[in-house]
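A.B. asks: Structure: target_12.cif, mmCIF, C-alpha atoms.
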data_query
loop_
_atom_site.label_atom_id
_atom_site.label_comp_id
_atom_site.auth_asym_id
_atom_site.auth_seq_id
_atom_site.Cartn_x
_atom_site.Cartn_y
_atom_site.Cartn_z
CA VAL A 81 126.71 106.60 82.71
CA LEU A 82 125.60 109.45 84.98
CA THR A 83 123.78 111.08 82.06
CA GLN A 84 121.96 107.83 81.30
CA LEU A 85 120.98 107.41 84.96
CA LEU A 86 119.54 110.92 85.12
CA GLN A 87 117.74 110.54 81.81
CA GLY A 88 116.18 107.31 83.05
CA ALA A 89 115.13 108.97 86.29
CA ARG A 90 113.55 111.91 84.50
CA ALA A 91 111.69 109.58 82.15
CA VAL A 92 109.79 108.44 85.24
CA LEU A 93 109.70 111.62 87.30
CA ASP A 94 108.76 114.18 84.67
CA PRO A 95 105.40 112.62 83.67
CA LEU A 96 104.45 112.51 87.38
CA GLY A 97 105.16 116.21 87.84
CA CYS A 98 108.27 115.64 89.99
CA THR A 99 111.18 118.02 89.44
CA LEU A 100 114.67 116.57 89.83
CA ALA A 101 116.11 119.49 91.76
CA GLY A 102 119.65 118.54 92.70
CA GLY A 103 121.92 115.95 94.22
CA HIS A 104 125.49 114.83 94.67
CA THR A 105 127.79 112.02 93.64
CA THR A 106 129.88 109.67 95.76
CA VAL A 107 132.63 107.14 95.17
CA GLY A 108 132.00 103.54 96.21
CA PRO A 109 132.65 99.90 95.31
CA ARG A 110 129.51 99.62 93.17
CA LEU A 111 127.10 101.76 91.21
CA SER A 112 124.05 102.94 93.12
CA VAL A 113 121.46 105.66 92.77
CA GLY A 114 118.76 106.85 95.13
CA PHE A 115 116.23 109.64 95.53
CA ALA A 116 114.55 111.56 98.33
CA VAL A 117 111.10 112.93 97.54
CA THR A 118 109.96 116.17 99.17
CA GLY A 119 106.68 117.93 98.53
CA PHE A 120 103.85 120.03 99.88
CA ALA A 121 100.25 118.92 100.33
CA ASP A 122 97.35 121.05 99.22
CA GLY A 123 95.86 121.14 102.71
CA ALA A 124 95.19 118.38 105.24
CA ALA A 125 92.34 116.96 103.15
CA ALA A 126 94.88 115.94 100.50
CA LEU A 127 96.65 113.60 102.92
CA LEU A 128 95.79 110.11 104.08
CA PRO A 129 96.79 109.72 107.74
CA VAL A 130 98.19 106.56 109.29
CA SER A 131 95.76 107.04 112.19
CA GLY A 132 92.01 107.11 111.93
CA ALA A 133 91.09 103.53 111.00
CA ARG A 134 87.76 102.42 112.45
CA PRO A 135 86.36 99.04 113.50
CA GLY A 136 84.69 97.40 110.52
CA ASP A 137 86.97 99.04 107.94
CA GLN A 138 88.15 96.65 105.26
CA LEU A 139 91.92 96.46 104.75
CA VAL A 140 92.72 96.76 101.05
CA LEU A 141 96.20 95.86 99.81
CA THR A 142 96.89 97.39 96.42
CA ARG A 143 99.92 95.43 95.17
CA PRO A 144 101.26 91.86 95.43
CA LEU A 145 103.87 90.80 97.97
CA GLY A 146 107.12 88.92 97.46
CA THR A 147 109.76 91.32 96.16
CA GLY A 148 112.05 90.57 99.09
CA VAL A 149 112.32 86.84 98.56
CA VAL A 150 112.40 87.04 94.74
CA LEU A 151 115.20 89.62 94.66
CA ALA A 152 117.14 87.75 97.36
CA ALA A 153 116.83 84.52 95.37
CA ASP A 154 117.88 86.32 92.19
CA MET A 155 121.11 87.48 93.85
CA GLN A 156 121.86 83.82 94.56
CA GLY A 157 120.94 82.70 91.03
CA LEU A 158 117.98 80.72 92.38
CA ALA A 159 115.00 82.65 90.98
CA SER A 160 113.49 81.82 87.61
CA GLY A 161 113.70 84.33 84.79
CA ALA A 162 109.91 84.58 84.73
CA ALA A 163 109.76 85.42 88.44
CA VAL A 164 112.47 88.07 88.16
CA ALA A 165 110.87 89.62 85.07
CA ALA A 166 107.48 89.81 86.80
CA THR A 167 109.06 91.40 89.88
CA LEU A 168 110.97 94.01 87.86
CA ALA A 169 107.80 94.89 85.95
CA HIS A 170 105.98 95.22 89.27
CA VAL A 171 108.49 97.53 90.97
CA SER A 172 108.80 99.78 87.91
CA HIS A 173 105.03 100.30 87.51
CA PRO A 174 103.90 103.80 88.64
CA ASP A 175 101.45 103.92 91.53
CA ALA A 176 100.52 107.59 91.35
CA SER A 177 96.71 107.25 91.39
CA THR A 178 96.29 105.10 94.50
CA GLY A 179 96.22 107.90 97.05
CA ALA A 180 93.70 109.97 95.12
CA LEU A 181 91.42 106.98 94.60
CA ALA A 182 91.57 106.07 98.28
CA ARG A 183 90.56 109.60 99.28
CA GLN A 184 87.77 109.67 96.71
CA HIS A 185 86.31 106.50 98.19
CA GLY A 186 86.32 107.62 101.79
CA ALA A 187 89.42 105.89 103.14
CA HIS A 188 89.99 106.59 106.82
CA ALA A 189 93.72 105.75 106.94
CA ALA A 190 96.53 104.25 104.89
CA THR A 191 100.18 103.28 104.96
CA ASP A 192 102.66 101.84 102.49
CA ILE A 193 104.12 98.33 102.71
CA THR A 194 107.89 98.55 102.41
CA GLY A 195 110.86 97.24 104.37
CA PHE A 196 109.06 96.18 107.56
CA GLY A 197 106.66 93.93 105.66
CA LEU A 198 102.88 93.64 105.86
CA VAL A 199 102.61 92.98 109.61
CA GLY A 200 105.16 95.64 110.54
CA HIS A 201 103.38 98.33 108.55
CA LEU A 202 99.89 97.20 109.59
CA ALA A 203 101.04 97.94 113.13
CA THR A 204 101.27 101.63 112.19
CA LEU A 205 97.53 101.62 111.46
CA LEU A 206 96.83 100.05 114.86
CA ARG A 207 98.59 102.53 117.14
CA ASP A 208 95.24 103.25 118.78
CA PRO A 209 95.16 100.69 121.63
CA ALA A 210 91.43 100.24 121.04
CA LEU A 211 92.04 98.80 117.57
CA GLY A 212 92.98 95.36 116.33
CA ALA A 213 92.81 93.62 112.97
CA VAL A 214 92.22 90.24 111.40
CA LEU A 215 94.11 89.09 108.31
CA ALA A 216 93.31 86.22 105.93
CA PRO A 217 96.62 84.93 104.50
CA GLU A 218 94.86 83.03 101.72
CA ARG A 219 93.78 86.39 100.31
CA LEU A 220 97.29 87.83 100.05
CA PRO A 221 98.30 88.59 96.44
CA ALA A 222 101.77 87.24 95.65
CA LEU A 223 104.24 87.82 92.86
CA PRO A 224 104.85 84.82 90.57
CA GLY A 225 107.27 82.38 92.17
CA ALA A 226 107.40 84.15 95.55
CA GLN A 227 105.60 81.52 97.60
CA ALA A 228 107.51 78.68 95.94
CA LEU A 229 110.79 80.34 96.91
CA LEU A 230 109.57 80.78 100.49
CA ASP A 231 108.60 77.10 100.51
CA GLN A 232 112.20 76.29 99.57
CA GLY A 233 113.44 78.14 102.65
CA LEU A 234 114.73 81.24 100.86
CA ARG A 235 114.39 84.57 102.64
CA SER A 236 115.54 88.16 102.23
CA THR A 237 118.37 89.07 104.60
CA PHE A 238 116.00 91.48 106.41
CA HIS A 239 113.26 88.87 106.81
CA PRO A 240 114.54 87.56 110.20
CA ASP A 241 114.45 91.08 111.63
CA ASN A 242 110.81 91.43 110.56
CA LEU A 243 109.92 88.29 112.51
CA ALA A 244 110.10 90.47 115.61
CA PHE A 245 106.68 91.79 114.56
CA ALA A 246 105.28 88.26 114.97
CA ALA A 247 104.75 89.16 118.64
CA LEU A 248 101.87 91.35 117.40
CA THR A 249 100.09 88.31 115.95
CA ASP A 250 98.63 85.05 117.22
CA LEU A 251 100.69 82.96 114.79
CA ALA A 252 101.83 79.65 116.25
CA ASP A 253 104.82 79.38 113.88
CA PRO A 254 105.85 82.75 112.37
CA ALA A 255 108.87 81.14 110.68
CA ALA A 256 106.70 78.76 108.64
CA ALA A 257 106.81 79.19 104.87
CA THR A 258 103.05 79.73 104.82
CA ALA A 259 103.57 82.87 106.94
CA GLY A 260 106.45 84.15 104.83
CA LEU A 261 104.53 86.79 102.88
CA LEU A 262 103.43 88.43 106.13
CA PHE A 263 107.02 89.38 106.97
CA ASP A 264 108.68 89.66 103.55
CA PRO A 265 110.29 93.12 103.15
CA GLN A 266 108.99 94.95 100.10
CA THR A 267 110.54 97.21 97.49
CA ALA A 268 107.96 99.49 95.82
CA GLY A 269 105.26 97.82 97.86
CA GLY A 270 101.63 98.76 97.68
CA ALA A 271 99.36 100.71 99.99
CA LEU A 272 97.33 99.23 102.82
CA ILE A 273 94.09 101.20 103.00
CA ALA A 274 91.42 101.18 105.71
CA VAL A 275 88.16 101.85 103.88
CA PRO A 276 84.53 101.69 105.04
CA PRO A 277 82.98 98.34 104.10
CA ASP A 278 80.25 99.96 102.01
CA ARG A 279 82.90 101.70 99.87
CA CYS A 280 85.23 98.73 99.48
CA ASP A 281 83.77 97.31 96.27
CA ASP A 282 83.87 100.68 94.52
CA LEU A 283 87.45 101.32 95.63
CA LEU A 284 88.57 97.92 94.37
CA ALA A 285 86.85 98.49 91.02
CA ALA A 286 88.54 101.87 90.68
CA LEU A 287 91.96 100.45 91.59
CA HIS A 288 91.58 97.62 89.09
CA ALA A 289 90.56 100.06 86.36
CA ALA A 290 93.65 102.18 87.15
CA GLY A 291 95.96 99.20 86.67
CA ALA A 292 96.24 97.88 90.23
CA VAL A 293 94.80 94.57 89.10
CA HIS A 294 96.03 92.64 92.17
CA ALA A 295 94.29 94.89 94.70
CA ARG A 296 92.06 93.03 97.10
CA ALA A 297 90.64 93.12 100.61
CA ILE A 298 92.88 91.02 102.86
CA GLY A 299 91.38 91.69 106.28
CA ARG A 300 89.48 94.13 108.42
CA VAL A 301 89.89 96.40 111.41
CA GLU A 302 88.12 95.32 114.59
CA PRO A 303 87.91 96.33 118.24
CA ARG A 304 90.97 95.20 120.16
CA ARG A 305 90.50 91.82 121.82
CA ASP A 306 92.51 90.14 124.54
CA GLY A 307 95.89 88.97 123.29
CA PRO A 308 97.92 90.21 120.31
CA PRO A 309 96.29 92.94 118.21
CA ILE A 310 96.52 91.06 114.89
CA ARG A 311 94.59 87.82 114.43
CA ILE A 312 95.47 85.49 111.58
CA CYS A 313 92.50 83.56 110.17
CA THR A 314 93.33 80.58 107.98
CA GLY A 315 90.48 78.78 106.28
CA SER A 316 87.91 79.67 108.93
CA ALA A 317 87.05 83.22 107.89
CA ALA A 318 83.80 83.49 105.98
CA SER A 319 83.99 85.93 103.09
CA ASP A 320 82.16 87.18 100.07
CA LYS A 321 83.87 88.10 96.81
CA ASN A 322 85.65 91.16 98.19
CA HIS A 323 85.11 91.47 101.94
CA LEU A 324 86.40 89.65 104.96
CA VAL A 325 83.39 89.19 107.25
CA GLU A 326 82.44 87.29 110.37
#
What does the file become when written as structure tokens?
C.D. replies:
Amino acid sequence: VLTQLLQGARAVLDPLGCTLAGGHTTVGPRLSVGFAVTGFADGAAALLPVSGARPGDQLVLTRPLGTGVVLAADMQGLASGAAVAATLAHVSHPDASTGALARQHGAHAATDITGFGLVGHLATLLRDPALGAVLAPERLPALPGAQALLDQGLRSTFHPDNLAFAALTDLADPAAATAGLLFDPQTAGGALIAVPPDRCDDLLAALHAAGAVHARAIGRVEPRRDGPPIRICTGSAASDKNHLVE
């Protein structure tokens, strides 16, 4: 079994240029495997910082949301086979080109969307007290079946903890099913990229061509206003095909 686990890991890591350099085994009640990735950047220009977003930047999300609720429902036998299959295909799809494409298209900042959910990780881009953001929930890409499961009241066990980030938003009812994707914890979530508005279309086209077919602009960075830093616009935000605009 250990040989099969390591062969499966190397089938993914080797093509990406990652060397499996060591590890250890433990004894526990169930089988588990995990990895820590360590590397060196080829200078500061090779890195995308979490600070540096600017007012007017479009917020591009590269992958759909919903792994938390789908996997939680699957553990209870309540998710459809189609939803589980789509989620497993999503989390096993490599995402190696996203960072390079973001840099090539002038991205100012980026973060990944993982356990703290979309709102929790957006907060890392807004550490500058002069910055705020507006999100359009109707633009959020979702995995098949995810919203239906949220509508049924299903949640990941970590979802309630993420609701603490609702204080950063102007949501009237953060626990509503319609707000569920904002706080759903992600496994193998996508990147949230702050990109200049005049480069947004080109970045989206490049991401789509690279296989990130669900990538879309879901909001924008703006100067901080009175109140919470993250505004949620539902139905009232004017937009063109790709951008969220006033």
A.B. asks: Might you spell out which residues the PyMOL selection byres ((chain A and resi 228) around 12) would select in the displayed file, as a VMD selection string?
C.D. replies: chain A and resid 146 149 to 150 153 158 to 160 163 222 to 227 229 to 235 257 to 258 260 to 261
A.B. asks: Let me make sure I understand: among A:Ala162, A:Ala133, A:Leu283, A:Val140, which one has the smallest atom-to-atom distance to Pro303 of chain A if we use only C-alpha atoms?
C.D. replies: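 For Pro303 of chain A, the nearest of the candidates is A:Ala133.
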A.B. asks: Excluding segment 178-184 of chain A and residues on its chain fewer than 5 positions from it, collect all residues at most 10 Å away from it, counting only C-alpha atoms, and give them as a CSV table (one decimal) with C-alpha atoms, keeping the file's coordinate frame.
C.D. replies:
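Saved the output as around-v7.csv:
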chain,number,residue,atom,x,y,z
A,125,ALA,CA,92.3,117.0,103.2
A,126,ALA,CA,94.9,115.9,100.5
A,127,LEU,CA,96.6,113.6,102.9
A,128,LEU,CA,95.8,110.1,104.1
A,140,VAL,CA,92.7,96.8,101.0
A,142,THR,CA,96.9,97.4,96.4
A,189,ALA,CA,93.7,105.8,106.9
A,190,ALA,CA,96.5,104.2,104.9
A,191,THR,CA,100.2,103.3,105.0
A,270,GLY,CA,101.6,98.8,97.7
A,271,ALA,CA,99.4,100.7,100.0
A,273,ILE,CA,94.1,101.2,103.0
A,274,ALA,CA,91.4,101.2,105.7
A,275,VAL,CA,88.2,101.8,103.9
A,279,ARG,CA,82.9,101.7,99.9
A,280,CYS,CA,85.2,98.7,99.5
A,282,ASP,CA,83.9,100.7,94.5
A,283,LEU,CA,87.4,101.3,95.6
A,284,LEU,CA,88.6,97.9,94.4
A,286,ALA,CA,88.5,101.9,90.7
A,287,LEU,CA,92.0,100.4,91.6
A,290,ALA,CA,93.6,102.2,87.2
A,291,GLY,CA,96.0,99.2,86.7
A,292,ALA,CA,96.2,97.9,90.2
A.B. asks: With a distance cut-off of 9 Å and all atoms listed in the file, select the neighbouring residues of segment 239-255 of chain A, excluding the residue or stretch itself and same-chain residues fewer than 6 positions from it, and output the selection as a CSV table (one decimal) with C-alpha atoms, keeping the file's coordinate frame.
C.D. replies:
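The resulting file, around_7.csv, is reproduced below:
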chain,number,residue,atom,x,y,z
A,148,GLY,CA,112.0,90.6,99.1
A,149,VAL,CA,112.3,86.8,98.6
A,195,GLY,CA,110.9,97.2,104.4
A,196,PHE,CA,109.1,96.2,107.6
A,197,GLY,CA,106.7,93.9,105.7
A,199,VAL,CA,102.6,93.0,109.6
A,200,GLY,CA,105.2,95.6,110.5
A,203,ALA,CA,101.0,97.9,113.1
A,262,LEU,CA,103.4,88.4,106.1
A,263,PHE,CA,107.0,89.4,107.0
A,264,ASP,CA,108.7,89.7,103.6
A,265,PRO,CA,110.3,93.1,103.2
A,307,GLY,CA,95.9,89.0,123.3
A,308,PRO,CA,97.9,90.2,120.3
A,309,PRO,CA,96.3,92.9,118.2
A,310,ILE,CA,96.5,91.1,114.9
A,311,ARG,CA,94.6,87.8,114.4
A,312,ILE,CA,95.5,85.5,111.6
A.B. asks: Atom CA of Leu215 of chain A and atom CA of Cys313 of chain A are how many Å apart?
C.D. replies: 6.1 Å
A.B. asks: When you count only C-alpha atoms, which of these residues is closest to Thr194 of chain A: A:Gln87, A:Thr314, A:Thr147, A:Gln138?
C.D. replies: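 Distance minimum relative to Thr194 of chain A lands on A:Thr147.
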A.B. asks: What is the distance, in Å and to one decimal place, between atom CA of Pro209 of chain A and atom CA of Val130 of chain A?
C.D. replies: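 Those two atoms sit 14.0 Å apart.
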A.B. asks: So what do you get for atom CA of Asp154 of chain A versus atom CA of His170 of chain A, distance-wise?
C.D. replies: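 Taking atom CA of Asp154 of chain A and atom CA of His170 of chain A, their separation equals 15.1 Å.
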A.B. asks: Given only C-alpha atoms as the basis, pick out the residue of A:Ser131, A:Ser236, A:Thr99, A:Thr267 nearest to Thr118 of chain A.
C.D. replies: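 For Thr118 of chain A, the nearest of the given residues is A:Thr99.
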A.B. asks: Skip Pro221 of chain A itself and residues of its chain fewer than 4 positions away, then list as a list in words all residues within 7 Å of it, counting only C-alpha atoms.
C.D. replies: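 Returned residues: Pro144, Leu145 and His294 of chain A.
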A.B. asks: Quick one: of A:Ala166, A:Ile298, A:Leu100, A:Ile193, who's nearest to Val214 of chain A, counting all atoms listed in the file?
C.D. replies: A:Ile298
A.B. asks: Applied to the shown file, which residues does the PyMOL selection byres ((chain A and resi 82) around 12) return, written as a ChimeraX atom specification?
C.D. replies: /A:81,83-89,103-106,111-113
A.B. asks: Near Cys98 of chain A, counting only C-alpha atoms, which residues have an atom at most 12 Å away, once you skip same-chain residues fewer than 2 positions from it, shown as a list in words?
C.D. replies: Ala89, Arg90, Ala91, Val92, Leu93, Asp94, Pro95, Leu96, Leu100, Ala101, Phe115, Ala116, Val117, Thr118, Gly119, Phe120 and Ala176 of chain A
A.B. asks: Just say which residues the PyMOL selection byres ((chain A and resi 210) around 10) picks in this file, as a list of chain:residue names.
C.D. replies: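 Output from the PyMOL selection byres ((chain A and resi 210) around 10), applied to this file: A:Arg134, A:Pro135, A:Leu206, A:Arg207, A:Asp208, A:Pro209, A:Leu211, A:Gly212, A:Glu302, A:Pro303, A:Arg304, A:Arg305, A:Pro309.
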A.B. asks: Since the input lacks some atoms of segment 140-164 of chain A, please model N, CA and C atoms and print them as an mmCIF file, in the frame of the given file.
C.D. replies:
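Wrote part-v4.cif, looks like this:
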data_model
loop_
_atom_site.group_PDB
_atom_site.id
_atom_site.type_symbol
_atom_site.label_atom_id
_atom_site.label_comp_id
_atom_site.auth_asym_id
_atom_site.auth_seq_id
_atom_site.Cartn_x
_atom_site.Cartn_y
_atom_site.Cartn_z
ATOM 1 N N VAL A 140 92.461 97.014 102.464
ATOM 2 C CA VAL A 140 92.720 96.760 101.050
ATOM 3 C C VAL A 140 94.207 96.887 100.786
ATOM 4 N N LEU A 141 94.793 95.843 100.231
ATOM 5 C CA LEU A 141 96.200 95.860 99.810
ATOM 6 C C LEU A 141 96.224 96.037 98.298
ATOM 7 N N THR A 142 96.993 97.017 97.823
ATOM 8 C CA THR A 142 96.890 97.390 96.420
ATOM 9 C C THR A 142 97.859 96.665 95.493
ATOM 10 N N ARG A 143 98.927 96.058 96.035
ATOM 11 C CA ARG A 143 99.920 95.430 95.170
ATOM 12 C C ARG A 143 100.352 94.087 95.758
ATOM 13 N N PRO A 144 100.854 93.181 94.926
ATOM 14 C CA PRO A 144 101.260 91.860 95.430
ATOM 15 C C PRO A 144 102.525 91.931 96.265
ATOM 16 N N LEU A 145 102.711 90.914 97.086
ATOM 17 C CA LEU A 145 103.870 90.800 97.970
ATOM 18 C C LEU A 145 104.883 89.822 97.376
ATOM 19 N N GLY A 146 106.121 89.908 97.852
ATOM 20 C CA GLY A 146 107.120 88.920 97.460
ATOM 21 C C GLY A 146 108.395 89.467 96.872
ATOM 22 N N THR A 147 108.534 90.798 96.777
ATOM 23 C CA THR A 147 109.760 91.320 96.160
ATOM 24 C C THR A 147 111.004 90.929 96.958
ATOM 25 N N GLY A 148 110.879 90.884 98.281
ATOM 26 C CA GLY A 148 112.050 90.570 99.090
ATOM 27 C C GLY A 148 112.641 89.224 98.777
ATOM 28 N N VAL A 149 111.810 88.193 98.776
ATOM 29 C CA VAL A 149 112.320 86.840 98.560
ATOM 30 C C VAL A 149 112.753 86.647 97.109
ATOM 31 N N VAL A 150 112.025 87.226 96.142
ATOM 32 C CA VAL A 150 112.400 87.040 94.740
ATOM 33 C C VAL A 150 113.752 87.702 94.454
ATOM 34 N N LEU A 151 113.943 88.931 94.923
ATOM 35 C CA LEU A 151 115.200 89.620 94.660
ATOM 36 C C LEU A 151 116.359 88.962 95.414
ATOM 37 N N ALA A 152 116.097 88.460 96.623
ATOM 38 C CA ALA A 152 117.140 87.750 97.360
ATOM 39 C C ALA A 152 117.530 86.465 96.632
ATOM 40 N N ALA A 153 116.541 85.752 96.114
ATOM 41 C CA ALA A 153 116.830 84.520 95.370
ATOM 42 C C ALA A 153 117.567 84.831 94.075
ATOM 43 N N ASP A 154 117.204 85.944 93.428
ATOM 44 C CA ASP A 154 117.880 86.320 92.190
ATOM 45 C C ASP A 154 119.361 86.582 92.434
ATOM 46 N N MET A 155 119.704 87.210 93.546
ATOM 47 C CA MET A 155 121.110 87.480 93.850
ATOM 48 C C MET A 155 121.907 86.201 94.080
ATOM 49 N N GLN A 156 121.200 85.115 94.383
ATOM 50 C CA GLN A 156 121.860 83.820 94.560
ATOM 51 C C GLN A 156 121.730 82.936 93.311
ATOM 52 N N GLY A 157 121.136 83.476 92.249
ATOM 53 C CA GLY A 157 120.940 82.700 91.030
ATOM 54 C C GLY A 157 119.911 81.604 91.171
ATOM 55 N N LEU A 158 118.945 81.783 92.089
ATOM 56 C CA LEU A 158 117.980 80.720 92.380
ATOM 57 C C LEU A 158 116.557 81.070 91.974
ATOM 58 N N ALA A 159 116.339 82.254 91.426
ATOM 59 C CA ALA A 159 115.000 82.650 90.980
ATOM 60 C C ALA A 159 114.873 82.424 89.484
ATOM 61 N N SER A 160 113.711 82.025 89.039
ATOM 62 C CA SER A 160 113.490 81.820 87.610
ATOM 63 C C SER A 160 113.456 83.154 86.886
ATOM 64 N N GLY A 161 113.757 83.113 85.589
ATOM 65 C CA GLY A 161 113.700 84.330 84.790
ATOM 66 C C GLY A 161 112.319 84.941 84.784
ATOM 67 N N ALA A 162 111.288 84.080 84.747
ATOM 68 C CA ALA A 162 109.910 84.580 84.730
ATOM 69 C C ALA A 162 109.581 85.318 86.022
ATOM 70 N N ALA A 163 110.040 84.773 87.162
ATOM 71 C CA ALA A 163 109.760 85.420 88.440
ATOM 72 C C ALA A 163 110.471 86.763 88.536
ATOM 73 N N VAL A 164 111.711 86.813 88.105
ATOM 74 C CA VAL A 164 112.470 88.070 88.160
ATOM 75 C C VAL A 164 111.844 89.102 87.223
#
